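Novice: Contents of final-v2.cif (mmCIF, C-alpha atoms and all ligand atoms) are given next:
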data_upload
#
loop_
_atom_site.group_PDB
_atom_site.id
_atom_site.type_symbol
_atom_site.label_atom_id
_atom_site.label_comp_id
_atom_site.auth_asym_id
_atom_site.auth_seq_id
_atom_site.Cartn_x
_atom_site.Cartn_y
_atom_site.Cartn_z
ATOM 1 C CA MET A 1 72.459 28.434 159.918
ATOM 2 C CA ASN A 2 69.948 26.107 158.355
ATOM 3 C CA PHE A 3 66.718 28.050 158.659
ATOM 4 C CA LYS A 4 64.608 25.270 157.269
ATOM 5 C CA SER A 5 65.317 22.862 160.091
ATOM 6 C CA GLU A 6 64.767 25.672 162.581
ATOM 7 C CA LEU A 7 61.313 26.476 161.253
ATOM 8 C CA ARG A 8 58.391 25.159 163.206
ATOM 9 C CA TRP A 9 54.981 24.575 161.647
ATOM 10 C CA SER A 10 53.690 27.789 163.177
ATOM 11 C CA ASP A 11 56.487 29.814 161.615
ATOM 12 C CA VAL A 12 55.762 28.920 158.032
ATOM 13 C CA THR A 13 52.585 30.930 157.581
ATOM 14 C CA PRO A 14 53.146 33.389 154.755
ATOM 15 C CA LYS A 15 53.223 36.606 156.741
ATOM 16 C CA ALA A 16 55.062 38.424 153.971
ATOM 17 C CA ALA A 17 52.071 37.974 151.716
ATOM 18 C CA PHE A 18 50.460 40.696 153.795
ATOM 19 C CA LEU A 19 53.368 43.101 153.704
ATOM 20 C CA ASN A 20 53.179 45.345 150.696
ATOM 21 C CA ARG A 21 56.059 45.462 148.301
ATOM 22 C CA ARG A 22 57.275 48.821 149.588
ATOM 23 C CA GLN A 23 57.476 47.512 153.150
ATOM 24 C CA ILE A 24 59.471 44.538 151.951
ATOM 25 C CA MET A 25 61.838 46.808 149.979
ATOM 26 C CA ALA A 26 62.138 49.386 152.721
ATOM 27 C CA GLY A 27 62.549 47.552 155.927
ATOM 28 C CA ALA A 28 61.321 44.020 156.109
ATOM 29 C CA GLY A 29 64.119 42.545 154.063
ATOM 30 C CA ALA A 30 65.436 40.737 157.081
ATOM 31 C CA LEU A 31 62.127 38.924 157.548
ATOM 32 C CA ALA A 32 61.953 37.996 153.882
ATOM 33 C CA LEU A 33 65.536 36.739 153.900
ATOM 34 C CA ALA A 34 65.270 34.814 157.125
ATOM 35 C CA SER A 35 62.044 33.163 156.067
ATOM 36 C CA PRO A 36 62.264 31.855 152.522
ATOM 37 C CA ALA A 37 58.884 30.141 152.814
ATOM 38 C CA TYR A 38 57.172 33.513 153.198
ATOM 39 C CA ALA A 39 58.553 35.043 150.052
ATOM 40 C CA GLN A 40 57.707 31.979 147.971
ATOM 41 C CA THR A 41 53.945 32.214 148.505
ATOM 42 C CA PRO A 42 52.351 33.583 145.345
ATOM 43 C CA PRO A 43 48.672 34.601 145.329
ATOM 44 C CA SER A 44 46.547 31.502 144.868
ATOM 45 C CA PRO A 45 44.271 31.108 141.829
ATOM 46 C CA TYR A 46 41.783 29.585 144.304
ATOM 47 C CA SER A 47 41.464 32.838 146.278
ATOM 48 C CA THR A 48 38.509 35.153 145.867
ATOM 49 C CA ASP A 49 39.280 38.787 145.107
ATOM 50 C CA GLU A 50 36.540 39.856 147.523
ATOM 51 C CA ALA A 51 37.790 41.929 150.442
ATOM 52 C CA PRO A 52 38.452 39.869 153.570
ATOM 53 C CA ASN A 53 36.565 40.602 156.756
ATOM 54 C CA ALA A 54 38.359 42.481 159.492
ATOM 55 C CA ARG A 55 40.394 40.343 161.878
ATOM 56 C CA GLU A 56 38.028 41.424 164.683
ATOM 57 C CA ASP A 57 35.052 39.910 162.852
ATOM 58 C CA ILE A 58 36.883 36.659 162.121
ATOM 59 C CA THR A 59 38.277 36.236 165.636
ATOM 60 C CA GLY A 60 35.390 37.708 167.632
ATOM 61 C CA TYR A 61 32.297 36.061 166.138
ATOM 62 C CA ASN A 62 32.779 32.304 166.287
ATOM 63 C CA ASN A 63 31.099 28.947 166.587
ATOM 64 C CA PHE A 64 33.219 26.597 168.697
ATOM 65 C CA TYR A 65 30.873 24.783 171.055
ATOM 66 C CA GLU A 66 33.766 23.300 173.025
ATOM 67 C CA PHE A 67 33.983 26.804 174.542
ATOM 68 C CA GLY A 68 30.276 27.635 174.792
ATOM 69 C CA PHE A 69 27.255 28.380 172.643
ATOM 70 C CA ASP A 70 27.579 32.172 172.350
ATOM 71 C CA LYS A 71 29.450 33.755 169.470
ATOM 72 C CA GLY A 72 31.698 35.583 171.953
ATOM 73 C CA ASP A 73 32.529 32.548 174.123
ATOM 74 C CA PRO A 74 35.411 31.194 172.006
ATOM 75 C CA ALA A 75 37.272 34.545 171.962
ATOM 76 C CA ARG A 76 36.724 34.873 175.710
ATOM 77 C CA LEU A 77 37.541 31.311 176.775
ATOM 78 C CA ALA A 78 39.855 29.687 174.217
ATOM 79 C CA GLY A 79 42.961 31.700 175.081
ATOM 80 C CA ASP A 80 44.386 29.142 177.501
ATOM 81 C CA LEU A 81 44.009 26.117 175.250
ATOM 82 C CA THR A 82 47.372 24.348 174.990
ATOM 83 C CA VAL A 83 48.082 24.080 171.267
ATOM 84 C CA SER A 84 51.763 23.143 171.451
ATOM 85 C CA PRO A 85 52.795 20.378 171.629
ATOM 86 C CA TRP A 86 50.013 18.963 169.446
ATOM 87 C CA THR A 87 49.669 15.431 168.205
ATOM 88 C CA VAL A 88 47.447 14.054 165.472
ATOM 89 C CA VAL A 89 46.562 10.373 165.198
ATOM 90 C CA VAL A 90 46.363 9.095 161.631
ATOM 91 C CA ASP A 91 44.728 5.689 161.292
ATOM 92 C CA GLY A 92 42.612 3.456 159.116
ATOM 93 C CA MET A 93 43.270 2.655 155.460
ATOM 94 C CA VAL A 94 46.488 4.595 155.070
ATOM 95 C CA ASP A 95 50.085 3.602 154.275
ATOM 96 C CA LYS A 96 51.660 5.690 157.032
ATOM 97 C CA PRO A 97 49.482 5.505 160.115
ATOM 98 C CA GLY A 98 50.856 6.867 163.351
ATOM 99 C CA THR A 99 50.743 9.374 166.150
ATOM 100 C CA TYR A 100 52.364 12.432 164.645
ATOM 101 C CA ASP A 101 53.714 15.570 166.180
ATOM 102 C CA LEU A 102 52.033 18.312 164.142
ATOM 103 C CA GLY A 103 55.352 19.587 162.822
ATOM 104 C CA ASP A 104 56.234 16.111 161.545
ATOM 105 C CA LEU A 105 52.788 15.624 160.026
ATOM 106 C CA LEU A 106 53.148 18.798 157.971
ATOM 107 C CA ALA A 107 56.880 18.615 157.247
ATOM 108 C CA GLY A 108 57.702 19.136 153.586
ATOM 109 C CA LEU A 109 54.255 20.534 152.722
ATOM 110 C CA THR A 110 53.724 24.091 151.515
ATOM 111 C CA VAL A 111 51.594 26.570 153.406
ATOM 112 C CA GLU A 112 49.569 28.726 151.025
ATOM 113 C CA GLU A 113 47.320 31.713 151.469
ATOM 114 C CA ARG A 114 43.721 30.992 150.431
ATOM 115 C CA ILE A 115 41.149 33.759 150.684
ATOM 116 C CA TYR A 116 37.801 31.965 150.802
ATOM 117 C CA ARG A 117 34.171 32.822 151.263
ATOM 118 C CA PHE A 118 32.791 31.161 154.389
ATOM 119 C CA ARG A 119 29.058 30.470 154.787
ATOM 120 C CA CYS A 120 27.581 29.228 158.071
ATOM 121 C CA VAL A 121 24.390 27.152 157.993
ATOM 122 C CA GLU A 122 22.905 29.864 160.254
ATOM 123 C CA ALA A 123 22.884 32.151 157.159
ATOM 124 C CA TRP A 124 25.748 34.503 157.912
ATOM 125 C CA SER A 125 28.955 34.774 155.911
ATOM 126 C CA MET A 126 32.448 36.221 155.918
ATOM 127 C CA VAL A 127 35.524 36.291 153.681
ATOM 128 C CA ILE A 128 38.559 34.828 155.456
ATOM 129 C CA PRO A 129 42.250 34.918 154.443
ATOM 130 C CA TRP A 130 43.374 31.482 155.592
ATOM 131 C CA ASN A 131 46.854 30.040 155.538
ATOM 132 C CA GLY A 132 47.059 26.328 155.155
ATOM 133 C CA ILE A 133 47.999 23.172 153.338
ATOM 134 C CA GLN A 134 45.910 21.622 150.608
ATOM 135 C CA LEU A 135 44.466 18.472 152.192
ATOM 136 C CA SER A 136 45.168 16.411 149.053
ATOM 137 C CA PHE A 137 48.907 17.016 149.493
ATOM 138 C CA LEU A 138 48.793 15.804 153.095
ATOM 139 C CA LEU A 139 46.747 12.743 152.116
ATOM 140 C CA ASP A 140 49.156 11.957 149.264
ATOM 141 C CA LYS A 141 52.015 12.117 151.762
ATOM 142 C CA LEU A 142 50.186 9.727 154.100
ATOM 143 C CA GLY A 143 49.257 7.333 151.306
ATOM 144 C CA VAL A 144 45.512 6.720 150.994
ATOM 145 C CA GLN A 145 44.770 3.054 150.301
ATOM 146 C CA PRO A 146 42.311 2.117 147.540
ATOM 147 C CA GLY A 147 39.668 0.845 149.979
ATOM 148 C CA ALA A 148 39.342 4.237 151.683
ATOM 149 C CA LYS A 149 36.140 5.972 150.605
ATOM 150 C CA PHE A 150 35.835 8.656 153.302
ATOM 151 C CA VAL A 151 38.061 10.633 155.631
ATOM 152 C CA ALA A 152 36.869 11.263 159.196
ATOM 153 C CA PHE A 153 38.132 13.947 161.560
ATOM 154 C CA GLU A 154 37.885 14.449 165.323
ATOM 155 C CA THR A 155 38.434 17.479 167.520
ATOM 156 C CA LEU A 156 40.366 17.463 170.786
ATOM 157 C CA VAL A 157 38.527 16.396 173.944
ATOM 158 C CA ARG A 158 39.992 18.236 176.927
ATOM 159 C CA PRO A 159 37.281 19.428 179.328
ATOM 160 C CA GLU A 160 39.862 21.034 181.659
ATOM 161 C CA GLU A 161 40.619 23.546 178.916
ATOM 162 C CA MET A 162 37.362 23.430 176.969
ATOM 163 C CA PRO A 163 34.624 24.549 179.347
ATOM 164 C CA GLY A 164 31.859 23.964 176.798
ATOM 165 C CA GLN A 165 32.588 20.244 176.990
ATOM 166 C CA SER A 166 30.803 20.173 180.341
ATOM 167 C CA SER A 167 27.639 20.337 178.244
ATOM 168 C CA THR A 168 26.297 16.988 177.092
ATOM 169 C CA PHE A 169 24.359 18.583 174.206
ATOM 170 C CA ILE A 170 27.056 17.305 171.872
ATOM 171 C CA GLU A 171 28.531 13.837 172.256
ATOM 172 C CA TRP A 172 32.235 14.750 172.232
ATOM 173 C CA PRO A 173 34.464 14.609 170.287
ATOM 174 C CA TYR A 174 33.083 16.902 167.607
ATOM 175 C CA ARG A 175 33.297 14.803 164.431
ATOM 176 C CA GLU A 176 33.229 15.563 160.736
ATOM 177 C CA GLY A 177 33.939 13.790 157.508
ATOM 178 C CA LEU A 178 34.286 14.088 153.761
ATOM 179 C CA ARG A 179 34.013 11.728 150.865
ATOM 180 C CA ILE A 180 37.482 11.027 149.424
ATOM 181 C CA ASP A 181 36.867 12.981 146.223
ATOM 182 C CA GLU A 182 35.744 15.976 148.308
ATOM 183 C CA ALA A 183 38.825 15.660 150.480
ATOM 184 C CA MET A 184 41.051 15.500 147.386
ATOM 185 C CA ASN A 185 39.505 18.548 145.721
ATOM 186 C CA PRO A 186 42.149 21.280 145.588
ATOM 187 C CA LEU A 187 39.886 23.749 147.401
ATOM 188 C CA THR A 188 39.888 21.649 150.588
ATOM 189 C CA LEU A 189 42.356 23.100 153.060
ATOM 190 C CA MET A 190 43.946 22.138 156.362
ATOM 191 C CA ALA A 191 44.273 25.638 157.770
ATOM 192 C CA THR A 192 47.037 26.513 160.207
ATOM 193 C CA GLY A 193 46.628 30.269 160.300
ATOM 194 C CA LEU A 194 44.804 33.352 159.145
ATOM 195 C CA TYR A 195 45.943 36.841 158.173
ATOM 196 C CA GLY A 196 49.490 35.444 158.096
ATOM 197 C CA ASP A 197 49.554 34.544 161.782
ATOM 198 C CA PRO A 198 49.201 31.165 163.487
ATOM 199 C CA MET A 199 45.569 30.110 163.871
ATOM 200 C CA PRO A 200 43.896 31.954 166.757
ATOM 201 C CA ASN A 201 42.634 29.442 169.314
ATOM 202 C CA GLN A 202 39.012 30.509 168.819
ATOM 203 C CA ASN A 203 39.290 29.695 165.104
ATOM 204 C CA GLY A 204 40.496 26.135 165.696
ATOM 205 C CA ALA A 205 44.196 26.197 166.535
ATOM 206 C CA PRO A 206 46.527 24.713 165.678
ATOM 207 C CA ILE A 207 44.951 23.015 162.657
ATOM 208 C CA ARG A 208 41.415 22.898 161.294
ATOM 209 C CA LEU A 209 39.618 21.910 158.135
ATOM 210 C CA VAL A 210 38.210 24.490 155.693
ATOM 211 C CA VAL A 211 35.761 23.347 153.003
ATOM 212 C CA PRO A 212 34.553 26.575 151.396
ATOM 213 C CA TRP A 213 31.650 25.173 149.345
ATOM 214 C CA LYS A 214 30.022 23.566 152.393
ATOM 215 C CA TYR A 215 28.265 25.011 155.410
ATOM 216 C CA GLY A 216 30.706 26.051 158.111
ATOM 217 C CA PHE A 217 29.972 23.162 160.459
ATOM 218 C CA LYS A 218 31.869 20.818 158.134
ATOM 219 C CA SER A 219 35.037 22.848 158.785
ATOM 220 C CA ILE A 220 36.024 21.058 161.977
ATOM 221 C CA LYS A 221 38.456 22.775 164.344
ATOM 222 C CA SER A 222 41.449 21.722 166.473
ATOM 223 C CA ILE A 223 41.864 18.333 164.795
ATOM 224 C CA VAL A 224 43.537 15.466 166.688
ATOM 225 C CA ARG A 225 42.523 12.500 164.548
ATOM 226 C CA ILE A 226 42.328 11.785 160.827
ATOM 227 C CA SER A 227 40.920 8.379 159.846
ATOM 228 C CA LEU A 228 40.692 6.859 156.382
ATOM 229 C CA VAL A 229 37.589 4.681 156.367
ATOM 230 C CA ASP A 230 35.422 2.704 153.972
ATOM 231 C CA LYS A 231 32.003 3.821 155.273
ATOM 232 C CA MET A 232 30.367 7.234 155.651
ATOM 233 C CA PRO A 233 31.424 8.275 159.156
ATOM 234 C CA PRO A 234 29.069 9.661 161.819
ATOM 235 C CA THR A 235 29.248 13.461 161.988
ATOM 236 C CA THR A 236 28.252 15.695 164.891
ATOM 237 C CA TRP A 237 25.415 17.819 163.474
ATOM 238 C CA ASN A 238 24.006 14.989 161.425
ATOM 239 C CA MET A 239 23.913 12.826 164.576
ATOM 240 C CA LEU A 240 22.113 15.606 166.464
ATOM 241 C CA GLN A 241 19.489 16.572 163.864
ATOM 242 C CA PRO A 242 19.639 14.427 160.731
ATOM 243 C CA ASN A 243 16.609 16.112 159.182
ATOM 244 C CA GLU A 244 18.260 19.553 159.507
ATOM 245 C CA TYR A 245 21.939 18.825 158.833
ATOM 246 C CA GLY A 246 22.995 16.386 156.138
ATOM 247 C CA PHE A 247 26.340 14.698 155.694
ATOM 248 C CA TYR A 248 27.075 16.653 152.508
ATOM 249 C CA ALA A 249 25.994 20.106 153.728
ATOM 250 C CA ASN A 250 26.789 21.745 150.413
ATOM 251 C CA VAL A 251 25.750 25.408 150.419
ATOM 252 C CA ASN A 252 22.490 25.395 148.473
ATOM 253 C CA PRO A 253 20.102 28.361 148.242
ATOM 254 C CA GLU A 254 17.388 26.052 146.893
ATOM 255 C CA VAL A 255 17.267 23.711 149.871
ATOM 256 C CA ASP A 256 16.062 25.594 152.918
ATOM 257 C CA HIS A 257 16.845 24.608 156.462
ATOM 258 C CA PRO A 258 13.558 23.346 157.972
ATOM 259 C CA ARG A 259 13.505 26.401 160.261
ATOM 260 C CA TRP A 260 14.887 29.182 157.978
ATOM 261 C CA SER A 261 15.623 30.125 154.383
ATOM 262 C CA GLN A 262 19.039 29.508 152.853
ATOM 263 C CA ALA A 263 18.334 31.783 149.867
ATOM 264 C CA SER A 264 20.327 34.709 151.259
ATOM 265 C CA GLU A 265 22.941 35.449 153.868
ATOM 266 C CA ARG A 266 23.879 38.219 156.288
ATOM 267 C CA VAL A 267 27.355 39.489 155.515
ATOM 268 C CA VAL A 268 29.037 39.883 158.893
ATOM 269 C CA GLY A 269 30.573 43.303 159.399
ATOM 270 C CA SER A 270 28.943 45.053 156.478
ATOM 271 C CA GLY A 271 26.434 47.202 158.332
ATOM 272 C CA LEU A 272 22.806 46.890 159.248
ATOM 273 C CA PHE A 273 21.015 47.564 155.961
ATOM 274 C CA ALA A 274 23.463 46.734 153.172
ATOM 275 C CA GLY A 275 24.612 43.499 154.731
ATOM 276 C CA ARG A 276 22.520 40.863 152.937
ATOM 277 C CA LYS A 277 23.223 39.137 149.675
ATOM 278 C CA PRO A 278 21.902 36.175 147.728
ATOM 279 C CA THR A 279 23.512 32.849 148.568
ATOM 280 C CA LEU A 280 25.198 31.105 145.648
ATOM 281 C CA PRO A 281 25.062 27.359 144.893
ATOM 282 C CA PHE A 282 28.141 25.704 146.386
ATOM 283 C CA ASN A 283 28.889 29.106 147.933
ATOM 284 C CA GLY A 284 30.102 30.296 144.530
ATOM 285 C CA TYR A 285 32.514 27.388 144.014
ATOM 286 C CA GLY A 286 30.291 25.447 141.609
ATOM 287 C CA ASP A 287 32.798 25.570 138.731
ATOM 288 C CA GLN A 288 35.287 23.665 140.871
ATOM 289 C CA VAL A 289 33.002 21.237 142.686
ATOM 290 C CA ALA A 290 29.574 20.764 141.045
ATOM 291 C CA SER A 291 30.932 17.828 139.017
ATOM 292 C CA LEU A 292 31.625 15.913 142.250
ATOM 293 C CA TYR A 293 27.865 15.514 142.656
ATOM 294 C CA ALA A 294 26.883 14.609 139.096
ATOM 295 C CA GLY A 295 23.988 12.182 139.270
ATOM 296 C CA GLN A 296 23.153 12.948 142.909
ATOM 297 C CA ASP A 297 19.863 14.522 143.955
ATOM 298 C CA LEU A 298 21.118 17.362 146.158
ATOM 299 C CA ALA A 299 17.698 17.906 147.698
ATOM 300 C CA LYS A 300 17.948 14.363 149.023
ATOM 301 C CA ASP A 301 21.704 14.348 149.654
ATOM 302 C CA PHE A 302 21.603 17.721 151.430
HETATM 303 N N1 LIG A 401 35.278 21.352 166.881
HETATM 304 C C1 LIG A 401 34.400 22.222 166.372
HETATM 305 N N2 LIG A 401 34.529 22.617 165.095
HETATM 306 C C2 LIG A 401 33.657 23.509 164.570
HETATM 307 C C3 LIG A 401 32.574 24.005 165.339
HETATM 308 C C4 LIG A 401 32.472 23.565 166.687
HETATM 309 O O1 LIG A 401 31.559 23.945 167.455
HETATM 310 N N3 LIG A 401 33.409 22.683 167.192
HETATM 311 N N4 LIG A 401 31.652 24.855 164.772
HETATM 312 C C5 LIG A 401 31.534 24.818 163.302
HETATM 313 C C6 LIG A 401 30.694 25.889 162.776
HETATM 314 S S1 LIG A 401 29.021 25.729 162.979
HETATM 315 C C7 LIG A 401 31.214 26.939 162.093
HETATM 316 S S2 LIG A 401 30.214 28.089 161.335
HETATM 317 C C8 LIG A 401 32.693 27.137 161.991
HETATM 318 C C9 LIG A 401 33.057 28.505 162.506
HETATM 319 O O2 LIG A 401 34.412 28.795 162.242
HETATM 320 P P1 LIG A 401 34.998 30.187 162.702
HETATM 321 O O3 LIG A 401 34.647 30.424 164.118
HETATM 322 O O4 LIG A 401 36.480 30.103 162.463
HETATM 323 O O5 LIG A 401 34.358 31.235 161.793
HETATM 324 O O6 LIG A 401 33.429 26.162 162.720
HETATM 325 C C10 LIG A 401 32.898 24.846 162.634
HETATM 326 N N5 LIG A 401 33.818 23.919 163.276
HETATM 327 MO MO MO A 402 28.080 27.214 161.428
#
Please go through the file and, once you have read it, give me the structure as structure tokens.

Specialist:
Amino acid sequence: MNFKSELRWSDVTPKAAFLNRRQIMAGAGALALASPAYAQTPPSPYSTDEAPNAREDITGYNNFYEFGFDKGDPARLAGDLTVSPWTVVVDGMVDKPGTYDLGDLLAGLTVEERIYRFRCVEAWSMVIPWNGIQLSFLLDKLGVQPGAKFVAFETLVRPEEMPGQSSTFIEWPYREGLRIDEAMNPLTLMATGLYGDPMPNQNGAPIRLVVPWKYGFKSIKSIVRISLVDKMPPTTWNMLQPNEYGFYANVNPEVDHPRWSQASERVVGSGLFAGRKPTLPFNGYGDQVASLYAGQDLAKDF
């Protein structure tokens, strides 16, 4: 049996990374053998060694306005979203445009575990063990043309399954974008799962962006369109409140939100009194990304 051709995109998340060695030795050998992709996932040098939040925090406290404005709405209402089949349109300045089945889009690419800090613009944070594909590898496969300066993303529009889309507060689809060098940075991930399981619907199934040095709103969920473009694309929060939410949205303790401080953050799940810590420039990823912004005034390009 050729396991590789039998594997679907959702099967290639590295579950075995979460089984300890003794479990693998003792009883899970069958899983390891049947799923070569699992066993081949070494710990990533890009992962933080901070302890991940509990699955209940990550899957129970969400922002996903397509399902409502409350943090509990996505967990309550996203369960019935149809995430398979899933198609992604790739268009613009790219060698291989098309309407891809998700499995075809990701075929041949390696799913890695990346444990990243995650900082919402609302000043709360978590540590999340994502599984996903480095965006640069996907873009290399698609063939970015020299004229492309930005990559734009759109979320699914399906009001029948996304009750929050009855609100006109946001002009759907939810949109986000990155400059090409940001998209090509090795930290930037197209996440397909967390904790070794396929992405929970409330976290942006079946595929979402994760940009760990930027405020969480850049990390657009449930992506159905990827466009390579030559101009800075319109993005949802910037369209809504340009003076509060910039295109770059790099985590920056020195540039406050007009209505609250960004100097510190509430660590979700860590208890009432101990749960605050200072926010770090670029969310602690400055060594990897500060050079992208050399020569830019980050108080202006916030
Ligand atoms: N399509 C879409 N993507 C989205 C959002 C959203 O409302 N719709 N919210 C953003 C915000 S503000 C945050 S903080 C993160 C939350 O991701 P999480 O629920 O997986 O923690 O998703 C981002 N991506
Ligand atoms: Mo957010």

Novice: Restricting the calculation to only C-alpha atoms: of A:Pro42, A:Gly108, A:Pro74, A:Gly103, which residue gets closest to Asn203 of chain A?

Specialist: A:Pro74

Novice: Of the residues A:Glu171, A:Ala123, A:Val94, A:Gln296, which is the one nearest to Gly147 of chain A, using all atoms listed in the file?

Specialist: A:Val94

Novice: Please evaluate the PyMOL selection byres (((chain A and resi 254-262) around 8) and not hetatm) against the displayed coordinates and give the resulting residues as a list of chain:residue names.

Specialist: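 Selection result, ordered by chain and number: A:Val121, A:Ala123, A:Asn243, A:Glu244, A:Asn252, A:Pro253, A:Ala263, A:Ser264, A:Glu265, A:Thr279, A:Ala299, A:Phe302.
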
Novice: For Pro45 of chain A, please output as a ChimeraX atom specification all residues within 12 Å (counting all atoms listed in the file; exclusion window: fewer than 2 positions along the same chain).

Specialist: /A:41-43,47-49,112-116,186-187,288

Novice: Put a box with edges along x, y and z around all the listed atoms of ligand LIG 401 (chain A), pad it by 6 Å on each side, then give me its centre and sizes in Å, one decimal, as lines of an AutoDock Vina configuration file.

Specialist:
center_x = 32.8
center_y = 26.3
center_z = 164.4
size_x = 19.5
size_y = 21.9
size_z = 18.1

Novice: Pick from A:Phe137, A:Phe247, A:Tyr61, A:Tyr293: nearest to ligand MO 402 (chain A), with only C-alpha atoms and all ligand atoms counted?

Specialist: A:Tyr61

Novice: Using all atoms listed in the file, find all polymer residues with an atom at most 12 Å away from the point (37.3, 36.2, 159.7); report them as a ChimeraX atom specification.

Specialist: /A:51-63,115-119,124-130,193-195,199-200,202-203,267-269

Novice: Using all atoms listed in the file, which residues of chain A come within 7 Å of ligand MO 402 (chain A), and what is the closest atom pair for each, with the distance in Å to one decimal? Give it as a tab-separated table, sorted by chain and residue number.

Specialist:
residue	atom	partner	partner_atom	distance
A:Asn63	CA	A:MO402	MO	6.2
A:Cys120	CA	A:MO402	MO	3.9
A:Val121	CA	A:MO402	MO	5.0
A:Glu122	CA	A:MO402	MO	5.9
A:Tyr215	CA	A:MO402	MO	6.4
A:Gly216	CA	A:MO402	MO	4.4
A:Phe217	CA	A:MO402	MO	4.6

Novice: Nearest to Phe153 of chain A: which of A:Lys71, A:Lys96, A:Arg208, A:Lys214 is it, counting only C-alpha atoms?

Specialist: A:Arg208

Novice: Calculated over only C-alpha atoms and all ligand atoms, which of the candidates A:Leu102, A:Met162, A:Leu138, A:Ala290 has the smallest distance to ligand LIG 401 (chain A)?

Specialist: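 Under the stated criterion, the closest residue is A:Met162.
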
Novice: Between atom CA of Ser84 of chain A and atom CA of Asp101 of chain A, what is the spacing in Å?

Specialist: 9.4 Å

Novice: Please write as a PyMOL selection string the full residue list that the PyMOL selection byres (((chain A and resi 233-242) around 7) and not hetatm) yields on this file.

Specialist: chain A and resi 152+174-177+231-232+243-247

Novice: Please produce a file of those selected residues containing C-alpha atoms, as a compact mmCIF listing (two decimals), keeping the file's coordinate frame.

Specialist:
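out.txt written:
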# COMPACT_ATOMS: atom_id res chain seq x y z
CA ALA A 152 36.87 11.26 159.20
CA TYR A 174 33.08 16.90 167.61
CA ARG A 175 33.30 14.80 164.43
CA GLU A 176 33.23 15.56 160.74
CA GLY A 177 33.94 13.79 157.51
CA LYS A 231 32.00 3.82 155.27
CA MET A 232 30.37 7.23 155.65
CA ASN A 243 16.61 16.11 159.18
CA GLU A 244 18.26 19.55 159.51
CA TYR A 245 21.94 18.82 158.83
CA GLY A 246 23.00 16.39 156.14
CA PHE A 247 26.34 14.70 155.69

Novice: Between atom CA of Val90 of chain A and atom CA of Val229 of chain A, measure the distance and give it in Å to one decimal.

Specialist: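 Interatomic distance, atom CA of Val90 of chain A to atom CA of Val229 of chain A: 11.1 Å.
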